[in-house]
Number of protein chains: 4
Amino acid sequence: MNFASDNTAPASAEILAALHAANEGAVSSYGADPITARLREKLNAVFETTLLAHPVGTGTAANALALATVVNPYGAVICAEEAHIATDECGAPEFFMGGAKLITLPNRDGKILPAQIDAVMARARDGGVHHVLPEAVSITQATEWGTVYAVEEVAAISAACRAHGLKLHMDGARFANALVHLGCTPAAASWQAGVDVLSFGATKNGALAAEAVLFFDPEAAVGFERRRKRAGHLWSKMRYLSAQIEAYLENDLWLRNATHANRLATRLADGLAAIGTVQIVQTMQANEVFVAMPSSLITALHEAGAHFYEWIAVPDLDVPVVRLVTAHNTSDAEVEQFLRCAGSWSKRLAA
Amino acid sequence: MNFASDNTAPASAEILAALHAANEGAVSSYGADPITARLREKLNAVFETTLLAHPVGTGTAANALALATVVNPYGAVICAEEAHIATDECGAPEFFMGGAKLITLPNRDGKILPAQIDAVMARARDGGVHHVLPEAVSITQATEWGTVYAVEEVAAISAACRAHGLKLHMDGARFANALVHLGCTPAAASWQAGVDVLSFGATKNGALAAEAVLFFDPEAAVGFERRRKRAGHLWSKMRYLSAQIEAYLENDLWLRNATHANRLATRLADGLAAIGTVQIVQTMQANEVFVAMPSSLITALHEAGAHFYEWIAVPDLDVPVVRLVTAHNTSDAEVEQFLRCAGSWSKRLAA
Amino acid sequence: MNFASDNTAPASAEILAALHAANEGAVSSYGADPITARLREKLNAVFETTLLAHPVGTGTAANALALATVVNPYGAVICAEEAHIATDECGAPEFFMGGAKLITLPNRDGKILPAQIDAVMARARDGGVHHVLPEAVSITQATEWGTVYAVEEVAAISAACRAHGLKLHMDGARFANALVHLGCTPAAASWQAGVDVLSFGATKNGALAAEAVLFFDPEAAVGFERRRKRAGHLWSKMRYLSAQIEAYLENDLWLRNATHANRLATRLADGLAAIGTVQIVQTMQANEVFVAMPSSLITALHEAGAHFYEWIAVPDLDVPVVRLVTAHNTSDAEVEQFLRCAGSWSKRLAA
Amino acid sequence: MNFASDNTAPASAEILAALHAANEGAVSSYGADPITARLREKLNAVFETTLLAHPVGTGTAANALALATVVNPYGAVICAEEAHIATDECGAPEFFMGGAKLITLPNRDGKILPAQIDAVMARARDGGVHHVLPEAVSITQATEWGTVYAVEEVAAISAACRAHGLKLHMDGARFANALVHLGCTPAAASWQAGVDVLSFGATKNGALAAEAVLFFDPEAAVGFERRRKRAGHLWSKMRYLSAQIEAYLENDLWLRNATHANRLATRLADGLAAIGTVQIVQTMQANEVFVAMPSSLITALHEAGAHFYEWIAVPDLDVPVVRLVTAHNTSDAEVEQFLRCAGSWSKRLAA
């Protein structure tokens with residue numbers, strides 16, 4: 001029973017098979033290989049537009065490189081307080097951007113609002129050169145609280161961005177999970193809603209180590225390739241990065257994996273909600289369930305062999321909150337076993 | 001006939017097999033997995049010491065992270081004029097070090113000399129705070145000119161480093177090729193000769209994308225792990241990085257691969273030396289052959305299907321210099337075909 | 001009636017006279033002049049210890065250089081939400097520190113508490129390499145809200161710093177104003193209370209452009225001088241910087257100037273408190289008065305020729321807050337005129 | 001007899017007088033004062049164009065800020081090997097530019113040639129993303145070897161810059177000395193010859209600490225003001241910076257000071273040339289004389305009380321080279337005394 005993170009999961013068999021297929025003969029390095037060329041075409045087709053796609057090995061690299069490309073060192077990025085870029089990347093955005101700041105916004109469900117962006121920009125205008133200059137907004141889809149921005153919500157944020165001359169970055173580490181929830185096309189969920197640059201994640205949803213930075217606005221991409229190189233993120237044997245992402249997209253593997261993970265997260269959330277002593281603290285919309293539960297239940301589940309982490313406490317709740325993450329390899333059996341554990345603990349408590 | 005670079009080569013079958021073997025079930029992420037633990041033990045055994053080993057995906061990352069860990073932003077690194085860190089990493093060391101400079105030394109064979117280090121340090125002392133402070137020396141083994149520092153040469157450089165309070169970094173992108181040439185143990189070629197930190201390369205010699213930064217001096221490693229994280233070089237699914245390096249070391253795969261590449265490079269060099277109209281411009285000691293040859297021969301070889309690059313011109317030579325790189329997958333047939341092409345061109349010329 | 005800022009004030013006549021006195025003949029540059037040597041002695045005497053003193057031209061330079069010297073790029077600085085370093089230096093600390101973050105703490109009066117530091121450190125420990133590592137605390141004395149840390153409060157913060165291995169930086173842009181309020185020695189207010197490095201301000205209190213970074217812990221100062229040089233903050237004609245600070249200290253000019261400013265701020269605060277329709281929102285302890293007042297009074301005062309700024313709104317107060325700053329050149333007449341304006345407006349309102 | 005550097009000189013009386021005149025009453029801070037406004041107008045008049053002028057306190061700040069504004073972190077600046085930015089600023093340009101590199105060019109007289117720029121750009125094009133991207137050229141006027149670029153030479157460099165899309169920066173720490181030598185207008189020596197941004201020095205030629213960054217191309221200045229603020233180079237009491245530069249320009253003080261220094265340097269050079277045992281190693285065109293002289297003469301001069309520095313040795317010369325700098329305060333008597341010392345040493349030698 002492993003619900004610790006989707007990055008504890010192995011890779012999909014199809015992706016390993018693609019590495020094998022790619023392992024044939026000499027090909028040009030640094031992205032001038034036929035697999036990378038095919039990947040570019042594939043991404044254009046999937047996103048129904050001509051985009052600039054740059055594979056990298058990690059999500060932190062994708063986010064930090066994307067932001068550094070659109071924000072000056074004297075600039076700033078507006079994001080949610082819990083944004084991965086603000087809390088879990090050890091200052092990578094600040095490093096890559098040359099010291100630019102993150103301006104973090106409080107929120108209840110991982111989502112920021114256009115009015116918050118307006119307020120930040122009003123203050124920034126007043127501050128003149130004494131204050132950093134916001135140049136981008138970064139939103140996470142699905143969010144760090146397992147919620148998903150509706151397409152209209154993204155569009156409203158994008159409208160605020162355009163009004164203030166800000167670029168819109170989407171951290172799509174769990175873009176597939178969000179997309180499956182939204183039930184729309186990749187295009188509708190990204191550039192058609194006004195996203196300028198997307199960190200398109202594959203690692204958490206079936207790859208070994210593969211993400212792609214997708215620029216929908218080619219002007220926003222100026223300098224990206226040299227930034228990637230000087231950050232050590234240009235793979236010499238690029239074929240092995242591109243092959244992962246190609247296989248990820250092939251035959252909708254990415255959507256099938258995310259559908260599986262989301263279904264089991266829903267089952268987990270529904271099953272837990274039926275147990276009176278726990279509380280689902282966020283609307284479950286992707287593959288992460290946040291549950292407030294008594295410490296004694298946490299202990300009981302850990303003793304039964306379940307892996308998961310305690311999360312940030314929720315204000316005004318006097319029990320801890322845990323995060324349960326499902327992945328493409330989570331089994332129905334694991335979920336049912338977890339629910340049985342929680343259920344029997346609850347019955348013992350009631351008895 | 002591909003002699004363009006060892007990074008155009010595919011991965012060794014054993015390394016792909018290791019990825020498969022690693023692809024089983026959920027394991028802890030970010031390096032807390034059993035494969036990474038095994039790799040640490042394996043590296044300790046191979047290098048006959050207790051070292052700190054940190055896998056990363058690219059050689060540029062390994063070099064830049066290693067140097068940033070031992071050099072302050074107001075510092076400097078002394079290296080050869082042709083050092084990869086100085087010429088082919090788009091300023092990665094400067095970026096990671098926060099603006100510290102590279103002080104490059106002219107040389108004839110890719111190797112720097114202790115006396116050159118002494119001279120730099122004498123000038124730096126005189127300059128006071130107006131000058132950057134050299135804090136490390138970086139040497140490449142095998143060098144960018146295909147030569148190999150003798151163990152005694154490394155030890156002499158290390159002695160100069162210690163005299164001046166400098167750390168010694170070795171860029172070992174082709175460490176295996178150098179080691180095979182030297183015929184000594186990994187320990188003798190590294191920490192026993194005074195190397196403080198080694199970028200231990202595997203990508204060019206059979207991995208998909210895997211290097212390890214090896215600190216022989218634990219005090220020199222302070223801060224490395226946070227630097228790796230904030231540079232986006234900490235893989236969440238670390239097992240896939242560690243598994244590559246483990247397989248690389250298993251059953252001496254790394255040495256067998258390098259022995260193969262070196263043998264074919266020797267055959268290439270010897271075969272070409274026997275043709276009167278070309279000139280081997282550096283002593284061939286690893287897997288790179290540098291050859292001065294007439295433009296018409298270059299054209300003839302390219303037309304025959306050979307891939308390779310023109311290199312930096314050698315002073316006082318009026319013909320271009322090309323670089324020929326062999327790898328673990330180079331075949332005897334490719335080499336012989338190349339030599340035949342060159343030989344028949346030479347005969348036609350003589351006729 | 002100028003209460004906009006103490007940096008709108010001219011310089012003290014004594015400081016200009018010192019520039020004249022310094023303007024004689026050729027002297028060695030970059031700090032090897034006799035005036036700088038004398039200043040070092042003077043500062044040792046004033047602070048009753050042997051310290052390392054480095055003059056710079058601006059307060060932002062003093063703060064950012066001090067912090068960069070004691071914090072790694074992967075580190076962080078803990079400070080108040082309203083700290084000048086966090087809000088008014090356009091990201092200077094982040095730039096100088098190479099991307100390290102500021103962790104800002106909410107507060108009611110500009111002061112942070114030891115328990116808040118403990119809480120940040122507990123979270124940082126849990127986060128491992130995914131989080132930045134706090135390495136310093138920065139407090140402002142007097143604070144941005146015009147309050148002054150008691151010596152015991154500084155000592156308690158210092159104790160928390162030592163418990164967690166953090167350096168303690170004090171932004172003393174208004175150190176003289178705080179000191180006059182505290183009525184203790186400079187030593188008691190700084191190193192004896194556990195401050196490791198002090199940005200010792202003179203500009204706001206009578207200099208043209210002069211601050212000094214004072215390191216009480218010489219080990220903490222390693223690298224400072226090269227950092228100052230490479231930031232363009234080493235004056236070639238250093239005598240003109242040192243002469244300002246020497247004159248500032250001579251005959252207690254600094255304390256006389258601050259005493260004057262504090263006295264008039266007290267008069268302003270007392271006078272305003274006597275008018276029913278305004279509210280002093282912070283305990284006035286230095287030379288800044290924060291007053292909540294109706295917009296119509298703000299307009300009336302501006303129309304009467306008073307210069308001052310609206311400040312951050314105070315939660316749960318429905319009237320704006322203004323900041324009134326007195327300086328060494330503020331006259332009693334200005335203050336009385338301001339109070340008369342406010343008083344007559346108040347009477348008109350009551351009528 | 002002080003010929004150590006023009007920054008050992010005191011300030012001109014007119015500039016100190018301007019500080020006094022500026023020291024009246026409260027004025028707006030950070031550049032919104034009337035003196036700064038007047039300075040802008042004055043600079044427009046002197047340079048016969050509408051430019052963007054930003055005062056800072058040091059030459060290193062002026063250079064590093066100017067370059068960081070026109071060069072990306074993945075970029076590079078082409079300059080002479082002896083350029084002050086490359087040798088005497090402790091890596092300030094690299095720090096401010098976020099790690100961009102300096103590409104230094106060998107030369108004989110401190111001047112670089114358009115053909116060298118062409119050659120660098122040809123190599124950079126070939127290197128693709130593996131190499132940094134040159135985005136600016138920086139030339140020093142007068143050069144570090146005391147020579148002066150002819151207007152036509154600057155124009156030819158500018159033409160090469162424009163052909164390659166590079167900005168042209170001029171380090172004018174001794175711009176006045178160069179201008180006096182050239183005998184042309186400031187406009188002819190700067191923007192009319194194709195300079196995009198000029199570090200306009202005043203400190204070495206009579207100010208206490210004052211330089212201005214002059215952007216002739218407003219588009220090139222985007223972001224400069226926030227960069228200055230976050231580097232700690234925005235003076236709160238800006239009037240004292242602006243007043244220095246205004247007085248420097250008033251009544252041609254700058255040109256009178258430079259004319260004086262150049263005249264005495266010429267006298268020094270001529271006088272020394274007449275002594276057989278020394279050799280002027282560079283054509284003297286500004287206020288620096290470079291002289292090869294026997295060690296025994298150096299000793300004799302030092303013993304006679306002369307201050308000056310040994311300089312970089314000149315290849316193929318077996319005697320040391322010294323640098324003699326004159327300034328606005330150098331007296332005829334000092335020069336004559338120096339020449340007498342050298343002359344009598346020479347006679348003793350011949351005897």
# chains A, B, ... in the order shown; residues from 1 in each chain; ligands from 1
call {"tool": "interface_residues", "arguments": {"of": "chain D", "to": "chain C", "cutoff": "6 Å", "atoms": "only C-alpha atoms", "output": "MDAnalysis selection string"}}
result
chainID D and resid 8:10 23 25:29 60:61 89:92 230:232
call {"tool": "select_by_dssp", "arguments": {"residues": "range 16-226 of chain B", "states": "alpha helix (DSSP H)", "output": "VMD selection string"}}
result
chain B and resid 16 to 22 34 to 47 59 to 70 84 to 87 92 to 97 114 to 127 151 to 164 175 to 182 186 to 189 224 to 226
call {"tool": "select_by_dssp", "arguments": {"residues": "range 116-304 of chain D", "states": "strand (DSSP E)", "output": "PyMOL selection string"}}
result
chain D and resi 133-140+167-172+197-201+211-215+279-280+288-292
call {"tool": "residues_around", "arguments": {"residues": "range 277-291 of chain C", "least_positions_apart": "2", "cutoff": "7 Å", "atoms": "only C-alpha atoms", "output": "number ranges by chain"}}
result
C: 109, 142, 145-148, 177-178, 181, 261-262, 265-266, 269, 272-273, 275, 293, 321-326, 346
call {"tool": "write_last_selection", "arguments": {"atoms": "N, CA and C atoms", "output": "PDB file, in the first residue's frame"}}
result
ATOM      1  N   ASP C 109       4.194  44.647  15.235  1.00  0.00           N
ATOM      2  CA  ASP C 109       4.896  45.889  15.556  1.00  0.00           C
ATOM      3  C   ASP C 109       6.290  45.953  14.927  1.00  0.00           C
ATOM      4  N   ALA C 142      16.054  50.813  14.672  1.00  0.00           N
ATOM      5  CA  ALA C 142      14.648  50.686  14.961  1.00  0.00           C
ATOM      6  C   ALA C 142      13.915  49.995  13.810  1.00  0.00           C
ATOM      7  N   TRP C 145       8.355  49.811  11.716  1.00  0.00           N
ATOM      8  CA  TRP C 145       7.146  50.380  12.334  1.00  0.00           C
ATOM      9  C   TRP C 145       7.510  51.365  13.438  1.00  0.00           C
ATOM     10  N   GLY C 146       8.770  51.831  13.448  1.00  0.00           N
ATOM     11  CA  GLY C 146       9.138  52.876  14.398  1.00  0.00           C
ATOM     12  C   GLY C 146       9.290  52.397  15.831  1.00  0.00           C
ATOM     13  N   THR C 147       9.262  51.092  16.036  1.00  0.00           N
ATOM     14  CA  THR C 147       9.448  50.550  17.381  1.00  0.00           C
ATOM     15  C   THR C 147      10.903  50.147  17.558  1.00  0.00           C
ATOM     16  N   VAL C 148      11.280  49.878  18.795  1.00  0.00           N
ATOM     17  CA  VAL C 148      12.672  49.529  19.094  1.00  0.00           C
ATOM     18  C   VAL C 148      12.683  48.224  19.901  1.00  0.00           C
ATOM     19  N   ASN C 177      18.878  56.223  16.237  1.00  0.00           N
ATOM     20  CA  ASN C 177      17.586  56.558  16.835  1.00  0.00           C
ATOM     21  C   ASN C 177      17.171  55.518  17.866  1.00  0.00           C
ATOM     22  N   ALA C 178      17.464  54.251  17.561  1.00  0.00           N
ATOM     23  CA  ALA C 178      17.138  53.185  18.504  1.00  0.00           C
ATOM     24  C   ALA C 178      17.990  53.319  19.762  1.00  0.00           C
ATOM     25  N   HIS C 181      16.881  55.904  22.104  1.00  0.00           N
ATOM     26  CA  HIS C 181      15.702  55.439  22.836  1.00  0.00           C
ATOM     27  C   HIS C 181      16.086  54.471  23.952  1.00  0.00           C
ATOM     28  N   ALA C 261      15.907  64.245  16.453  1.00  0.00           N
ATOM     29  CA  ALA C 261      14.835  63.653  15.632  1.00  0.00           C
ATOM     30  C   ALA C 261      13.830  62.920  16.517  1.00  0.00           C
ATOM     31  N   ASN C 262      14.336  62.158  17.471  1.00  0.00           N
ATOM     32  CA  ASN C 262      13.432  61.414  18.357  1.00  0.00           C
ATOM     33  C   ASN C 262      12.555  62.375  19.178  1.00  0.00           C
ATOM     34  N   ALA C 265       9.816  63.671  17.039  1.00  0.00           N
ATOM     35  CA  ALA C 265       8.831  62.617  16.750  1.00  0.00           C
ATOM     36  C   ALA C 265       7.927  62.405  17.960  1.00  0.00           C
ATOM     37  N   THR C 266       8.525  62.457  19.135  1.00  0.00           N
ATOM     38  CA  THR C 266       7.720  62.314  20.354  1.00  0.00           C
ATOM     39  C   THR C 266       6.720  63.458  20.457  1.00  0.00           C
ATOM     40  N   ALA C 269       3.953  62.807  18.016  1.00  0.00           N
ATOM     41  CA  ALA C 269       3.074  61.731  18.466  1.00  0.00           C
ATOM     42  C   ALA C 269       2.186  62.213  19.609  1.00  0.00           C
ATOM     43  N   LEU C 272      -0.389  64.738  18.320  1.00  0.00           N
ATOM     44  CA  LEU C 272      -1.451  64.123  17.525  1.00  0.00           C
ATOM     45  C   LEU C 272      -2.376  63.295  18.405  1.00  0.00           C
ATOM     46  N   ALA C 273      -1.783  62.633  19.401  1.00  0.00           N
ATOM     47  CA  ALA C 273      -2.605  61.784  20.282  1.00  0.00           C
ATOM     48  C   ALA C 273      -3.643  62.621  21.000  1.00  0.00           C
ATOM     49  N   ILE C 275      -5.328  64.944  19.776  1.00  0.00           N
ATOM     50  CA  ILE C 275      -6.423  65.282  18.856  1.00  0.00           C
ATOM     51  C   ILE C 275      -7.301  64.044  18.735  1.00  0.00           C
ATOM     52  N   MET C 293      -5.520  58.278  10.223  1.00  0.00           N
ATOM     53  CA  MET C 293      -6.265  59.539  10.172  1.00  0.00           C
ATOM     54  C   MET C 293      -7.208  59.534   8.969  1.00  0.00           C
ATOM     55  N   VAL C 321      -3.461  54.907   7.083  1.00  0.00           N
ATOM     56  CA  VAL C 321      -2.358  55.142   8.012  1.00  0.00           C
ATOM     57  C   VAL C 321      -1.287  55.939   7.284  1.00  0.00           C
ATOM     58  N   VAL C 322      -0.743  56.955   7.942  1.00  0.00           N
ATOM     59  CA  VAL C 322       0.351  57.717   7.332  1.00  0.00           C
ATOM     60  C   VAL C 322       1.614  57.559   8.190  1.00  0.00           C
ATOM     61  N   ARG C 323       2.744  57.750   7.530  1.00  0.00           N
ATOM     62  CA  ARG C 323       4.020  57.707   8.244  1.00  0.00           C
ATOM     63  C   ARG C 323       4.603  59.110   8.292  1.00  0.00           C
ATOM     64  N   LEU C 324       4.996  59.554   9.471  1.00  0.00           N
ATOM     65  CA  LEU C 324       5.645  60.859   9.638  1.00  0.00           C
ATOM     66  C   LEU C 324       7.052  60.614  10.169  1.00  0.00           C
ATOM     67  N   VAL C 325       8.049  61.068   9.435  1.00  0.00           N
ATOM     68  CA  VAL C 325       9.432  60.839   9.829  1.00  0.00           C
ATOM     69  C   VAL C 325      10.088  62.172  10.158  1.00  0.00           C
ATOM     70  N   THR C 326      10.757  62.217  11.298  1.00  0.00           N
ATOM     71  CA  THR C 326      11.539  63.411  11.633  1.00  0.00           C
ATOM     72  C   THR C 326      13.019  63.101  11.403  1.00  0.00           C
ATOM     73  N   SER C 346      -9.452  69.444  13.102  1.00  0.00           N
ATOM     74  CA  SER C 346     -10.246  68.678  14.043  1.00  0.00           C
ATOM     75  C   SER C 346     -11.355  69.535  14.652  1.00  0.00           C
TER      76      SER C 346
END
call {"tool": "atom_distance", "arguments": {"atom1": "CA of Leu264 in chain A", "atom2": "CA of Thr143 in chain A"}}
result
18.0 Å
call {"tool": "residues_around", "arguments": {"residues": "Ala83 in chain A", "least_positions_apart": "6", "cutoff": "10 Å", "atoms": "only C-alpha atoms", "output": "mmCIF file with N, CA, C and O atoms, in the first residue's frame"}}
result
data_model
loop_
_atom_site.group_PDB
_atom_site.id
_atom_site.type_symbol
_atom_site.label_atom_id
_atom_site.label_comp_id
_atom_site.auth_asym_id
_atom_site.auth_seq_id
_atom_site.Cartn_x
_atom_site.Cartn_y
_atom_site.Cartn_z
ATOM 1 N N GLU A 89 11.328 23.244 -4.145
ATOM 2 C CA GLU A 89 12.397 23.194 -5.150
ATOM 3 C C GLU A 89 13.667 23.862 -4.645
ATOM 4 O O GLU A 89 14.560 24.190 -5.417
ATOM 5 N N LEU A 102 9.564 35.205 -5.715
ATOM 6 C CA LEU A 102 8.220 34.657 -5.842
ATOM 7 C C LEU A 102 7.309 35.447 -4.900
ATOM 8 O O LEU A 102 7.662 35.675 -3.745
ATOM 9 N N THR A 104 3.926 35.064 -3.146
ATOM 10 C CA THR A 104 3.005 33.948 -2.912
ATOM 11 C C THR A 104 1.673 34.439 -2.355
ATOM 12 O O THR A 104 1.622 35.346 -1.524
ATOM 13 N N LEU A 105 0.600 33.811 -2.841
ATOM 14 C CA LEU A 105 -0.750 34.244 -2.493
ATOM 15 C C LEU A 105 -1.445 33.204 -1.631
ATOM 16 O O LEU A 105 -1.463 32.020 -1.971
ATOM 17 N N GLY A 110 -5.492 25.725 -3.185
ATOM 18 C CA GLY A 110 -4.383 25.627 -4.118
ATOM 19 C C GLY A 110 -4.525 26.530 -5.333
ATOM 20 O O GLY A 110 -3.605 26.628 -6.134
ATOM 21 N N LYS A 111 -5.689 27.181 -5.458
ATOM 22 C CA LYS A 111 -5.950 28.012 -6.651
ATOM 23 C C LYS A 111 -5.848 29.491 -6.319
ATOM 24 O O LYS A 111 -6.358 29.935 -5.294
ATOM 25 N N SER A 138 2.478 31.859 -12.197
ATOM 26 C CA SER A 138 2.614 30.413 -12.339
ATOM 27 C C SER A 138 1.491 29.729 -11.575
ATOM 28 O O SER A 138 1.293 29.983 -10.389
ATOM 29 N N ILE A 139 0.744 28.882 -12.289
ATOM 30 C CA ILE A 139 -0.298 28.086 -11.626
ATOM 31 C C ILE A 139 0.028 26.612 -11.816
ATOM 32 O O ILE A 139 0.684 26.231 -12.783
ATOM 33 N N THR A 140 -0.404 25.787 -10.871
ATOM 34 C CA THR A 140 -0.125 24.360 -10.937
ATOM 35 C C THR A 140 -1.412 23.635 -11.284
ATOM 36 O O THR A 140 -2.462 23.906 -10.689
ATOM 37 N N THR A 143 -3.494 21.190 -8.928
ATOM 38 C CA THR A 143 -2.817 21.960 -7.891
ATOM 39 C C THR A 143 -2.190 21.052 -6.842
ATOM 40 O O THR A 143 -2.426 19.849 -6.813
ATOM 41 N N GLU A 144 -1.407 21.687 -5.971
ATOM 42 C CA GLU A 144 -0.769 20.966 -4.872
ATOM 43 C C GLU A 144 -1.787 20.467 -3.850
ATOM 44 O O GLU A 144 -1.446 19.666 -2.977
ATOM 45 N N TRP A 145 -3.022 20.920 -3.947
ATOM 46 C CA TRP A 145 -4.095 20.440 -3.064
ATOM 47 C C TRP A 145 -5.015 19.464 -3.795
ATOM 48 O O TRP A 145 -6.152 19.233 -3.354
ATOM 49 N N ASP A 171 2.534 24.880 -14.253
ATOM 50 C CA ASP A 171 3.314 23.734 -13.788
ATOM 51 C C ASP A 171 2.421 22.502 -13.947
ATOM 52 O O ASP A 171 1.528 22.266 -13.137
#
call {"tool": "atom_distance", "arguments": {"atom1": "CA of Gly165 in chain A", "atom2": "CA of Val137 in chain A"}}
result
10.3 Å
call {"tool": "residues_around", "arguments": {"residues": "Pro134 in chain B", "least_positions_apart": "5", "cutoff": "12 Å", "atoms": "only C-alpha atoms", "output": "VMD selection string"}}
result
(chain B and resid 67 70 to 79 100 to 104 117 to 125 127 to 129 161 164 to 168) or (chain D and resid 90 to 91)
call {"tool": "atom_distance", "arguments": {"atom1": "CA of Asn205 in chain A", "atom2": "CA of Phe224 in chain B"}}
result
28.4 Å
call {"tool": "residues_around", "arguments": {"residues": "Thr50 in chain A", "least_positions_apart": "4", "cutoff": "9 Å", "atoms": "only C-alpha atoms", "output": "ChimeraX atom specification"}}
result
/A:40-41,43-45,216
call {"tool": "write_last_selection", "arguments": {"atoms": "N, CA, C and O atoms", "output": "PDB file, in the first residue's frame"}}
result
ATOM      1  N   ARG A  40       8.588  16.101 -31.640  1.00  0.00           N
ATOM      2  CA  ARG A  40       8.106  17.461 -31.908  1.00  0.00           C
ATOM      3  C   ARG A  40       6.799  17.411 -32.709  1.00  0.00           C
ATOM      4  O   ARG A  40       5.835  18.115 -32.386  1.00  0.00           O
ATOM      5  N   GLU A  41       6.797  16.551 -33.729  1.00  0.00           N
ATOM      6  CA  GLU A  41       5.589  16.434 -34.552  1.00  0.00           C
ATOM      7  C   GLU A  41       4.420  15.914 -33.722  1.00  0.00           C
ATOM      8  O   GLU A  41       3.292  16.382 -33.823  1.00  0.00           O
ATOM      9  N   LEU A  43       3.925  16.157 -30.496  1.00  0.00           N
ATOM     10  CA  LEU A  43       3.414  17.168 -29.557  1.00  0.00           C
ATOM     11  C   LEU A  43       2.576  18.217 -30.279  1.00  0.00           C
ATOM     12  O   LEU A  43       1.534  18.665 -29.779  1.00  0.00           O
ATOM     13  N   ASN A  44       3.015  18.592 -31.489  1.00  0.00           N
ATOM     14  CA  ASN A  44       2.208  19.523 -32.291  1.00  0.00           C
ATOM     15  C   ASN A  44       0.823  18.933 -32.544  1.00  0.00           C
ATOM     16  O   ASN A  44      -0.191  19.632 -32.464  1.00  0.00           O
ATOM     17  N   ALA A  45       0.798  17.652 -32.864  1.00  0.00           N
ATOM     18  CA  ALA A  45      -0.480  16.997 -33.165  1.00  0.00           C
ATOM     19  C   ALA A  45      -1.347  16.916 -31.904  1.00  0.00           C
ATOM     20  O   ALA A  45      -2.540  17.246 -31.932  1.00  0.00           O
ATOM     21  N   PHE A 216       4.049  27.915 -26.162  1.00  0.00           N
ATOM     22  CA  PHE A 216       3.020  28.148 -27.172  1.00  0.00           C
ATOM     23  C   PHE A 216       3.256  29.479 -27.861  1.00  0.00           C
ATOM     24  O   PHE A 216       2.740  29.731 -28.938  1.00  0.00           O
TER      25      PHE A 216
END
call {"tool": "residues_around", "arguments": {"residues": "range 296-302 of chain D", "least_positions_apart": "6", "cutoff": "7 Å", "atoms": "only C-alpha atoms", "output": "PyMOL selection string"}}
result
chain D and resi 341-342+345
call {"tool": "decode", "arguments": {"residues": "range 213-229 of chain D", "atoms": "C-alpha atoms", "output": "mmCIF file, in the first residue's frame"}}
result
data_model
loop_
_atom_site.group_PDB
_atom_site.id
_atom_site.type_symbol
_atom_site.label_atom_id
_atom_site.label_comp_id
_atom_site.auth_asym_id
_atom_site.auth_seq_id
_atom_site.Cartn_x
_atom_site.Cartn_y
_atom_site.Cartn_z
ATOM 1 C CA VAL D 213 25.790 55.555 -17.122
ATOM 2 C CA LEU D 214 24.657 57.250 -20.315
ATOM 3 C CA PHE D 215 22.351 55.332 -22.640
ATOM 4 C CA PHE D 216 22.192 56.841 -26.092
ATOM 5 C CA ASP D 217 19.776 54.118 -27.172
ATOM 6 C CA PRO D 218 16.760 54.211 -24.809
ATOM 7 C CA GLU D 219 15.728 50.671 -25.773
ATOM 8 C CA ALA D 220 19.035 49.383 -24.466
ATOM 9 C CA ALA D 221 18.259 50.860 -21.045
ATOM 10 C CA VAL D 222 15.236 48.688 -20.231
ATOM 11 C CA GLY D 223 15.517 47.410 -16.676
ATOM 12 C CA PHE D 224 18.527 49.553 -15.755
ATOM 13 C CA GLU D 225 16.823 51.400 -12.920
ATOM 14 C CA ARG D 226 15.680 48.272 -11.104
ATOM 15 C CA ARG D 227 19.118 46.716 -11.642
ATOM 16 C CA ARG D 228 20.736 49.793 -10.076
ATOM 17 C CA LYS D 229 18.382 49.657 -7.093
#
